[in-house]
Amino acid sequence: MSTPVLDVRRLAYAYPDGHQALFGVDLHVHRGERVALLGPNGAGKTTLVLHLNGILSAGHGTVEVSGLEVRKANLREIRRRVGIVFQDPDDQLFSATVRDDVAFGPRNLDLTAAEVDVRVESALEQVGMSQFAQRPPHHLSFGQRRRVALATVLAMEPEILVLDEPSSNLDPASRRELADIIRRLDVTVLMVTHDLPYALELCPRAAVLSGGRIVADGSTYSILTDADLMATHRLELPWGFVAQPTPSTPTTPAG
Amino acid sequence: MGAPHGHRLHFHTHSPVHAMAAHLKVLALVGFMLCVVLTPRTWLPAFAGYLAALLLVISVSGVPLRYVVPRMVVEVPFLAFAALMPFLSAGPRIEVLGVAMSRPGLEAGTALVIKGSLGVLASLTLAATTEPHELLSGLRRLRVPAALVDVMAFMLRYLDVVTDELRRMRIAVDSRGFSARSPRHWAVLATSLGALFVRSYERGERVHRAMLSRGYER
Amino acid sequence: MPDGFLNAPTSLATGAVAAAGLALALRGARRELDGPTAPMAGLVATFVFAAQMLNFPVGAGTSGHLLGGALAAVLVGPWTAVLCLSVVLIVQSLLFADGGITALGTNITLISLVGVLVGWAVTRVLLAMLPKRVGVIAPAAAIGAFLSVPTAAGVFAALYALGGTAPLPFGSVLTAMVGWHVVIGLGEAAITGLVVASIVGVRPDLVYAARPALAARPLQLATAPR
């Protein structure tokens, strides 16, 4: 196969206070894939995410993005290639208007004003928020803010989009709207979540991170239907939920 | 604390005062108040003129007086100080309504009330007609250091987020039967503030991280 | 403090002091926060603003609130604290009409510069004399907070003697201001001590004044978790 978009090898990390969060993680994501990274609270998911664009630096092992190693000298390029949408949109949206916020990343890439405008228009278009460009982000609904947060990262035109708990705190309608948007994107996605139905709906493949290690990697359906694996790693489907294989074609919205 | 957004003074409407560039409004406020402060306290007609000018600007702005005047309560504590001046000051005594007081003290107290009230009224006019982000760009145009304006921008952005967190924490403790009535209850309030600090600090870190992730390099 | 308390020359002089202090604070904060200051200082300023809004009941229907200079200094370092308190005062004055625009320099000088730096200096001296343990930080901060309030009031009295607009005798202004602010300082001390103690209890790593004590802790040796 070609060079993976994301290639994490034997990654280990301990926080400065001595708490070790990652114990040798291996994860490879190829172009065009949508992969879910599943795991219980405290499994090290967020710690792993912060390594993908060099916010944290590996204690041991390597992370490569399309063949480029994540290290200090490469951070500028790495952060263009890896787009992270953080869990709380309020952390990501700090500007006076939606447009300013979406333009923040492209401006850091030294693009011309015209190029920045094109990026902003296109990113807002992709998340269906074009008509809100002049609004202050904090006046939007939570679901709209999450979509704008996604646009701020899409405007960087990343090679891999990393979504940290994209469905958290969304009402069912916003949740479905976001799923439709993610499915339409033509970009490699790593979705970090403990929302198992959402992972199943959107990601054909999943990896399970537990205790700072990847303990399973395969089709999302096979993982979610492996009762022993699920129980061992504190993963549970909601009551009454019956897993079906991930649809390969876009699902039509229910109801 | 009042309603979560009760601290916002901006009054939304369209007027020439609203449309005026924020940096000019700030300069006008500073210039106006320097004149007021420099005017000798005995020139009462001048103060009447200042008030008339201010009222004219307010009427042009379309902000109703019944919106502005109640918000002048912020100066109440200082009225108390002004009221004490005639009694504490030195100088020749006079009698007003049978009460002995210092004549210069009375004049100074009156002048303080007049100047302070003009200041509050003028500041309220700025606040009511200027959106926070307009004010920030106005300060940038006035060459206020960018590092300082940036801090203000982040503060204003997260004001509602943080005060809302504090409000939710208060509701959570009040829902468990807590009611702060005396200093015996301060420890609980202080713990809320401690938790608020931890949350604010961690949010600062996360905002910074999110900025780094989008190529910010400072 | 509103406009009109101090005459114009005194107000301009305190304005210059405030500007110089802010310039120092902007540089110092960069060092204390170890990198870009705007998001972090902005959030701390927001915290200070919110903390000042919280009413602490004194009884009989009255209440007081925190000034926060010493508290901020102990939590984030003195220069970041000066920066944050000043930003709060500027925003209060320009967007909330609280504090006169010509009194802004005086307010920054008293509440932000004197309040923070006295609170910090006292706390720092106490911490240097006491054993290096995180448990002593809250009491030291409380004493710093207590002394910072009447000191700021004393500086105000001195400014008033220089440029006050009423012929109040310096002695009586000083006595009244300092006397009343000793009472306020007791409240400030109690709240500051309680807040610092609650943070030191859960996240000592976030407390600037705790850094030396944490660095002095011996490393613990234990077997690997698995």
# chains A, B, ... in the order shown; residues from 1 in each chain; ligands from 1
$ interface_residues --of "chain B" --to "chain C" --cutoff "6 Å" --atoms "only C-alpha atoms" --output "list in words"
Val37, Ser89, Ala90, Gly105, Ala108, Leu112, Lys115, Gly116, Gly119, Val120, Ser123, Leu124, Ala127, Asp150, Val151, Phe154, Met155, Leu159, Thr163, Arg181, Ser182, Pro183, Ala190, Thr191, Gly194, Ser200, Gly204 and Arg218 of chain B
$ closest_atom_pairs --of "chain A" --to "chain B" --cutoff "7 Å" --atoms "only C-alpha atoms" --output "Markdown table"
| residue | atom | partner | partner_atom | distance |
| --- | --- | --- | --- | --- |
| A:Asn53 | CA | B:Ser213 | CA | 6.8 |
| A:Ile55 | CA | B:Arg209 | CA | 7.0 |
| A:Arg76 | CA | B:Gly215 | CA | 6.2 |
| A:Arg79 | CA | B:Ser213 | CA | 5.7 |
| A:Arg80 | CA | B:Gly215 | CA | 6.8 |
| A:Ile84 | CA | B:Ser213 | CA | 6.8 |
| A:Asp91 | CA | B:Val207 | CA | 4.6 |
| A:Gln92 | CA | B:Ala210 | CA | 5.5 |
| A:Phe94 | CA | B:Arg157 | CA | 6.2 |
| A:Ala96 | CA | B:His133 | CA | 6.3 |
| A:Gly105 | CA | B:Arg214 | CA | 4.7 |
| A:Asn108 | CA | B:Gly215 | CA | 5.4 |
| A:Leu109 | CA | B:Gly215 | CA | 6.9 |
$ write_last_selection --atoms "all heavy atoms" --output "compact mmCIF listing (two decimals), in the first residue's frame"
# COMPACT_ATOMS: atom_id res chain seq x y z
N ASN A 53 -0.47 16.36 15.99
CA ASN A 53 0.04 17.59 15.37
C ASN A 53 1.11 18.24 16.24
O ASN A 53 1.38 19.43 16.13
CB ASN A 53 -1.09 18.58 15.07
CG ASN A 53 -1.66 19.20 16.31
OD1 ASN A 53 -1.36 18.79 17.42
ND2 ASN A 53 -2.47 20.23 16.13
N ILE A 55 1.39 18.95 19.50
CA ILE A 55 1.15 19.74 20.72
C ILE A 55 1.92 19.06 21.85
O ILE A 55 2.54 19.71 22.69
CB ILE A 55 -0.36 19.81 21.05
CG1 ILE A 55 -1.13 20.49 19.93
CG2 ILE A 55 -0.57 20.51 22.40
CD1 ILE A 55 -1.07 21.98 19.89
N ARG A 76 5.10 23.46 11.38
CA ARG A 76 4.27 24.32 10.53
C ARG A 76 3.54 23.49 9.48
O ARG A 76 2.31 23.60 9.32
CB ARG A 76 5.19 25.31 9.85
CG ARG A 76 4.68 26.69 9.79
CD ARG A 76 5.73 27.57 9.11
NE ARG A 76 5.10 28.31 8.03
CZ ARG A 76 4.29 29.34 8.24
NH1 ARG A 76 4.02 29.72 9.47
NH2 ARG A 76 3.75 29.97 7.24
N ARG A 79 0.99 20.96 11.02
CA ARG A 79 -0.29 21.54 11.46
C ARG A 79 -1.16 21.96 10.29
O ARG A 79 -2.36 22.15 10.45
CB ARG A 79 -0.01 22.69 12.43
CG ARG A 79 0.43 22.13 13.76
CD ARG A 79 0.85 23.12 14.78
NE ARG A 79 1.34 22.38 15.96
CZ ARG A 79 1.99 22.92 16.96
NH1 ARG A 79 2.23 24.21 16.96
NH2 ARG A 79 2.38 22.18 17.98
N ARG A 80 -0.57 22.12 9.11
CA ARG A 80 -1.39 22.32 7.93
C ARG A 80 -2.01 20.99 7.50
O ARG A 80 -3.16 20.93 7.11
CB ARG A 80 -0.55 22.89 6.79
CG ARG A 80 -1.39 23.35 5.60
CD ARG A 80 -0.55 23.55 4.37
NE ARG A 80 0.04 22.32 3.86
CZ ARG A 80 -0.65 21.36 3.24
NH1 ARG A 80 -1.94 21.48 3.08
NH2 ARG A 80 -0.03 20.28 2.80
N ILE A 84 -7.32 19.34 13.56
CA ILE A 84 -8.00 18.78 14.73
C ILE A 84 -9.20 19.65 15.09
O ILE A 84 -9.07 20.86 15.28
CB ILE A 84 -7.04 18.70 15.94
CG1 ILE A 84 -5.81 17.87 15.59
CG2 ILE A 84 -7.77 18.11 17.15
CD1 ILE A 84 -4.85 17.68 16.74
N ASP A 91 -13.67 26.46 22.75
CA ASP A 91 -12.21 26.56 22.83
C ASP A 91 -11.62 26.95 21.48
O ASP A 91 -10.54 27.52 21.40
CB ASP A 91 -11.59 25.22 23.24
CG ASP A 91 -11.99 24.82 24.63
OD1 ASP A 91 -12.45 25.70 25.38
OD2 ASP A 91 -11.85 23.64 24.97
N GLN A 92 -12.34 26.60 20.42
CA GLN A 92 -11.81 26.79 19.08
C GLN A 92 -12.23 28.12 18.47
O GLN A 92 -11.53 28.67 17.65
CB GLN A 92 -12.29 25.63 18.19
CG GLN A 92 -11.46 25.45 16.96
CD GLN A 92 -11.22 23.97 16.68
OE1 GLN A 92 -11.72 23.10 17.38
NE2 GLN A 92 -10.44 23.70 15.68
N PHE A 94 -12.84 31.89 18.88
CA PHE A 94 -12.55 32.98 19.81
C PHE A 94 -12.65 34.34 19.15
O PHE A 94 -12.41 35.35 19.78
CB PHE A 94 -11.15 32.81 20.41
CG PHE A 94 -10.09 32.61 19.37
CD1 PHE A 94 -9.52 33.71 18.76
CD2 PHE A 94 -9.70 31.34 18.99
CE1 PHE A 94 -8.57 33.53 17.77
CE2 PHE A 94 -8.75 31.16 18.00
CZ PHE A 94 -8.18 32.26 17.39
N ALA A 96 -14.32 37.58 16.70
CA ALA A 96 -15.53 38.40 16.79
C ALA A 96 -16.60 37.91 15.83
O ALA A 96 -17.79 38.06 16.10
CB ALA A 96 -15.20 39.86 16.52
N GLY A 105 -6.94 30.28 10.63
CA GLY A 105 -5.95 29.27 10.24
C GLY A 105 -5.30 29.59 8.90
O GLY A 105 -4.08 29.68 8.80
N ASN A 108 -2.67 32.12 9.01
CA ASN A 108 -1.39 31.66 9.55
C ASN A 108 -0.56 30.92 8.51
O ASN A 108 0.60 30.63 8.73
CB ASN A 108 -1.62 30.75 10.76
CG ASN A 108 -2.13 31.54 11.95
OD1 ASN A 108 -1.81 32.71 12.10
ND2 ASN A 108 -2.92 30.89 12.79
N LEU A 109 -1.20 30.58 7.37
CA LEU A 109 -0.48 29.86 6.31
C LEU A 109 0.13 30.81 5.31
O LEU A 109 0.62 30.38 4.27
CB LEU A 109 -1.44 28.91 5.58
CG LEU A 109 -2.11 27.83 6.43
CD1 LEU A 109 -3.05 27.01 5.57
CD2 LEU A 109 -1.07 26.94 7.08
$ atom_distance --atom1 "atom CA of Val136 of chain C" --atom2 "atom CA of Ala180 of chain B"
27.3 Å
$ closest_atom_pairs --of "chain A" --to "chain C" --cutoff "12 Å" --atoms "only C-alpha atoms" --output "CSV"
residue,atom,partner,partner_atom,distance
A:Ala14,CA,C:Ala224,CA,11.6
A:Pro16,CA,C:Asp205,CA,10.9
A:Asp17,CA,C:Asp205,CA,9.4
A:Gly18,CA,C:Gln220,CA,9.5
A:His19,CA,C:Pro225,CA,9.4
A:Gln20,CA,C:Pro225,CA,8.5
A:Ala21,CA,C:Pro225,CA,10.6
A:Leu22,CA,C:Pro225,CA,11.7
A:Phe23,CA,C:Arg226,CA,10.0
A:Asp91,CA,C:Pro39,CA,10.0
A:Gln92,CA,C:Pro39,CA,11.3
A:Leu93,CA,C:Pro39,CA,11.7
A:Phe94,CA,C:Pro39,CA,9.1
A:Ser95,CA,C:Pro39,CA,11.4
A:Gly211,CA,C:Arg226,CA,9.9
A:Gly212,CA,C:Arg226,CA,11.2
$ write_last_selection --atoms "all heavy atoms" --output "short mmCIF file (atom, residue, chain, number, x, y, z; two decimals), in the first residue's frame"
data_model
loop_
_atom_site.label_atom_id
_atom_site.label_comp_id
_atom_site.auth_asym_id
_atom_site.auth_seq_id
_atom_site.Cartn_x
_atom_site.Cartn_y
_atom_site.Cartn_z
N ALA A 14 4.62 9.88 28.71
CA ALA A 14 4.28 10.12 30.12
C ALA A 14 4.20 11.62 30.34
O ALA A 14 5.02 12.37 29.81
CB ALA A 14 5.34 9.51 31.04
N PRO A 16 4.48 15.20 32.38
CA PRO A 16 5.59 15.65 33.24
C PRO A 16 5.41 15.22 34.70
O PRO A 16 6.40 15.04 35.41
CB PRO A 16 5.53 17.18 33.12
CG PRO A 16 4.87 17.44 31.81
CD PRO A 16 3.92 16.29 31.59
N ASP A 17 4.17 15.04 35.14
CA ASP A 17 3.98 14.62 36.54
C ASP A 17 4.24 13.12 36.72
O ASP A 17 4.07 12.58 37.81
CB ASP A 17 2.57 14.99 37.03
CG ASP A 17 1.48 14.21 36.33
OD1 ASP A 17 1.80 13.34 35.49
OD2 ASP A 17 0.29 14.46 36.62
N GLY A 18 4.65 12.44 35.65
CA GLY A 18 5.02 11.03 35.77
C GLY A 18 3.94 10.07 35.35
O GLY A 18 4.21 8.89 35.13
N HIS A 19 2.70 10.58 35.21
CA HIS A 19 1.61 9.70 34.81
C HIS A 19 1.79 9.28 33.36
O HIS A 19 1.86 10.11 32.47
CB HIS A 19 0.28 10.44 35.00
CG HIS A 19 -0.87 9.76 34.34
ND1 HIS A 19 -1.42 8.60 34.82
CD2 HIS A 19 -1.57 10.07 33.22
CE1 HIS A 19 -2.40 8.22 34.03
NE2 HIS A 19 -2.52 9.10 33.06
N GLN A 20 1.91 7.97 33.12
CA GLN A 20 2.09 7.50 31.76
C GLN A 20 0.75 7.21 31.12
O GLN A 20 -0.08 6.47 31.66
CB GLN A 20 2.98 6.25 31.72
CG GLN A 20 3.35 5.86 30.29
CD GLN A 20 4.49 4.88 30.21
OE1 GLN A 20 5.18 4.63 31.18
NE2 GLN A 20 4.70 4.32 29.02
N ALA A 21 0.52 7.81 29.95
CA ALA A 21 -0.79 7.68 29.30
C ALA A 21 -0.75 6.75 28.10
O ALA A 21 -1.73 6.09 27.80
CB ALA A 21 -1.29 9.07 28.88
N LEU A 22 0.36 6.72 27.38
CA LEU A 22 0.46 5.87 26.19
C LEU A 22 1.61 4.88 26.36
O LEU A 22 2.67 5.24 26.84
CB LEU A 22 0.68 6.74 24.93
CG LEU A 22 -0.40 7.79 24.64
CD1 LEU A 22 -0.02 8.62 23.43
CD2 LEU A 22 -1.76 7.14 24.43
N PHE A 23 1.37 3.64 25.93
CA PHE A 23 2.34 2.57 26.18
C PHE A 23 2.76 1.87 24.90
O PHE A 23 2.83 0.64 24.85
CB PHE A 23 1.76 1.54 27.16
CG PHE A 23 1.56 2.06 28.55
CD1 PHE A 23 0.42 2.78 28.88
CD2 PHE A 23 2.52 1.82 29.54
CE1 PHE A 23 0.25 3.26 30.17
CE2 PHE A 23 2.34 2.30 30.84
CZ PHE A 23 1.21 3.03 31.15
N ASP A 91 -13.67 26.46 22.75
CA ASP A 91 -12.21 26.56 22.83
C ASP A 91 -11.62 26.95 21.48
O ASP A 91 -10.54 27.52 21.40
CB ASP A 91 -11.59 25.22 23.24
CG ASP A 91 -11.99 24.82 24.63
OD1 ASP A 91 -12.45 25.70 25.38
OD2 ASP A 91 -11.85 23.64 24.97
N GLN A 92 -12.34 26.60 20.42
CA GLN A 92 -11.81 26.79 19.08
C GLN A 92 -12.23 28.12 18.47
O GLN A 92 -11.53 28.67 17.65
CB GLN A 92 -12.29 25.63 18.19
CG GLN A 92 -11.46 25.45 16.96
CD GLN A 92 -11.22 23.97 16.68
OE1 GLN A 92 -11.72 23.10 17.38
NE2 GLN A 92 -10.44 23.70 15.68
N LEU A 93 -13.38 28.62 18.90
CA LEU A 93 -13.94 29.83 18.29
C LEU A 93 -13.75 31.00 19.23
O LEU A 93 -14.40 31.08 20.26
CB LEU A 93 -15.43 29.61 18.01
CG LEU A 93 -15.74 28.36 17.19
CD1 LEU A 93 -17.25 28.20 17.04
CD2 LEU A 93 -15.07 28.42 15.84
N PHE A 94 -12.84 31.89 18.88
CA PHE A 94 -12.55 32.98 19.81
C PHE A 94 -12.65 34.34 19.15
O PHE A 94 -12.41 35.35 19.78
CB PHE A 94 -11.15 32.81 20.41
CG PHE A 94 -10.09 32.61 19.37
CD1 PHE A 94 -9.52 33.71 18.76
CD2 PHE A 94 -9.70 31.34 18.99
CE1 PHE A 94 -8.57 33.53 17.77
CE2 PHE A 94 -8.75 31.16 18.00
CZ PHE A 94 -8.18 32.26 17.39
N SER A 95 -12.99 34.37 17.85
CA SER A 95 -12.97 35.65 17.14
C SER A 95 -14.31 36.36 17.23
O SER A 95 -15.29 35.82 17.73
CB SER A 95 -12.59 35.44 15.69
OG SER A 95 -11.38 34.75 15.61
N GLY A 211 -6.12 1.53 28.05
CA GLY A 211 -4.92 1.47 28.86
C GLY A 211 -3.69 1.93 28.13
O GLY A 211 -2.58 1.45 28.38
N GLY A 212 -3.86 2.86 27.18
CA GLY A 212 -2.72 3.42 26.48
C GLY A 212 -2.16 2.53 25.38
O GLY A 212 -1.03 2.73 24.94
#
$ atom_distance --atom1 "atom CA of Glu131 of chain B" --atom2 "atom CA of Leu29 of chain B"
15.6 Å
$ select_by_dssp --residues "segment 62-152 of chain C" --states "alpha helix (DSSP H)" --output "PyMOL selection string"
chain C and resi 69-76+78-96+104-107+115-129+137-152
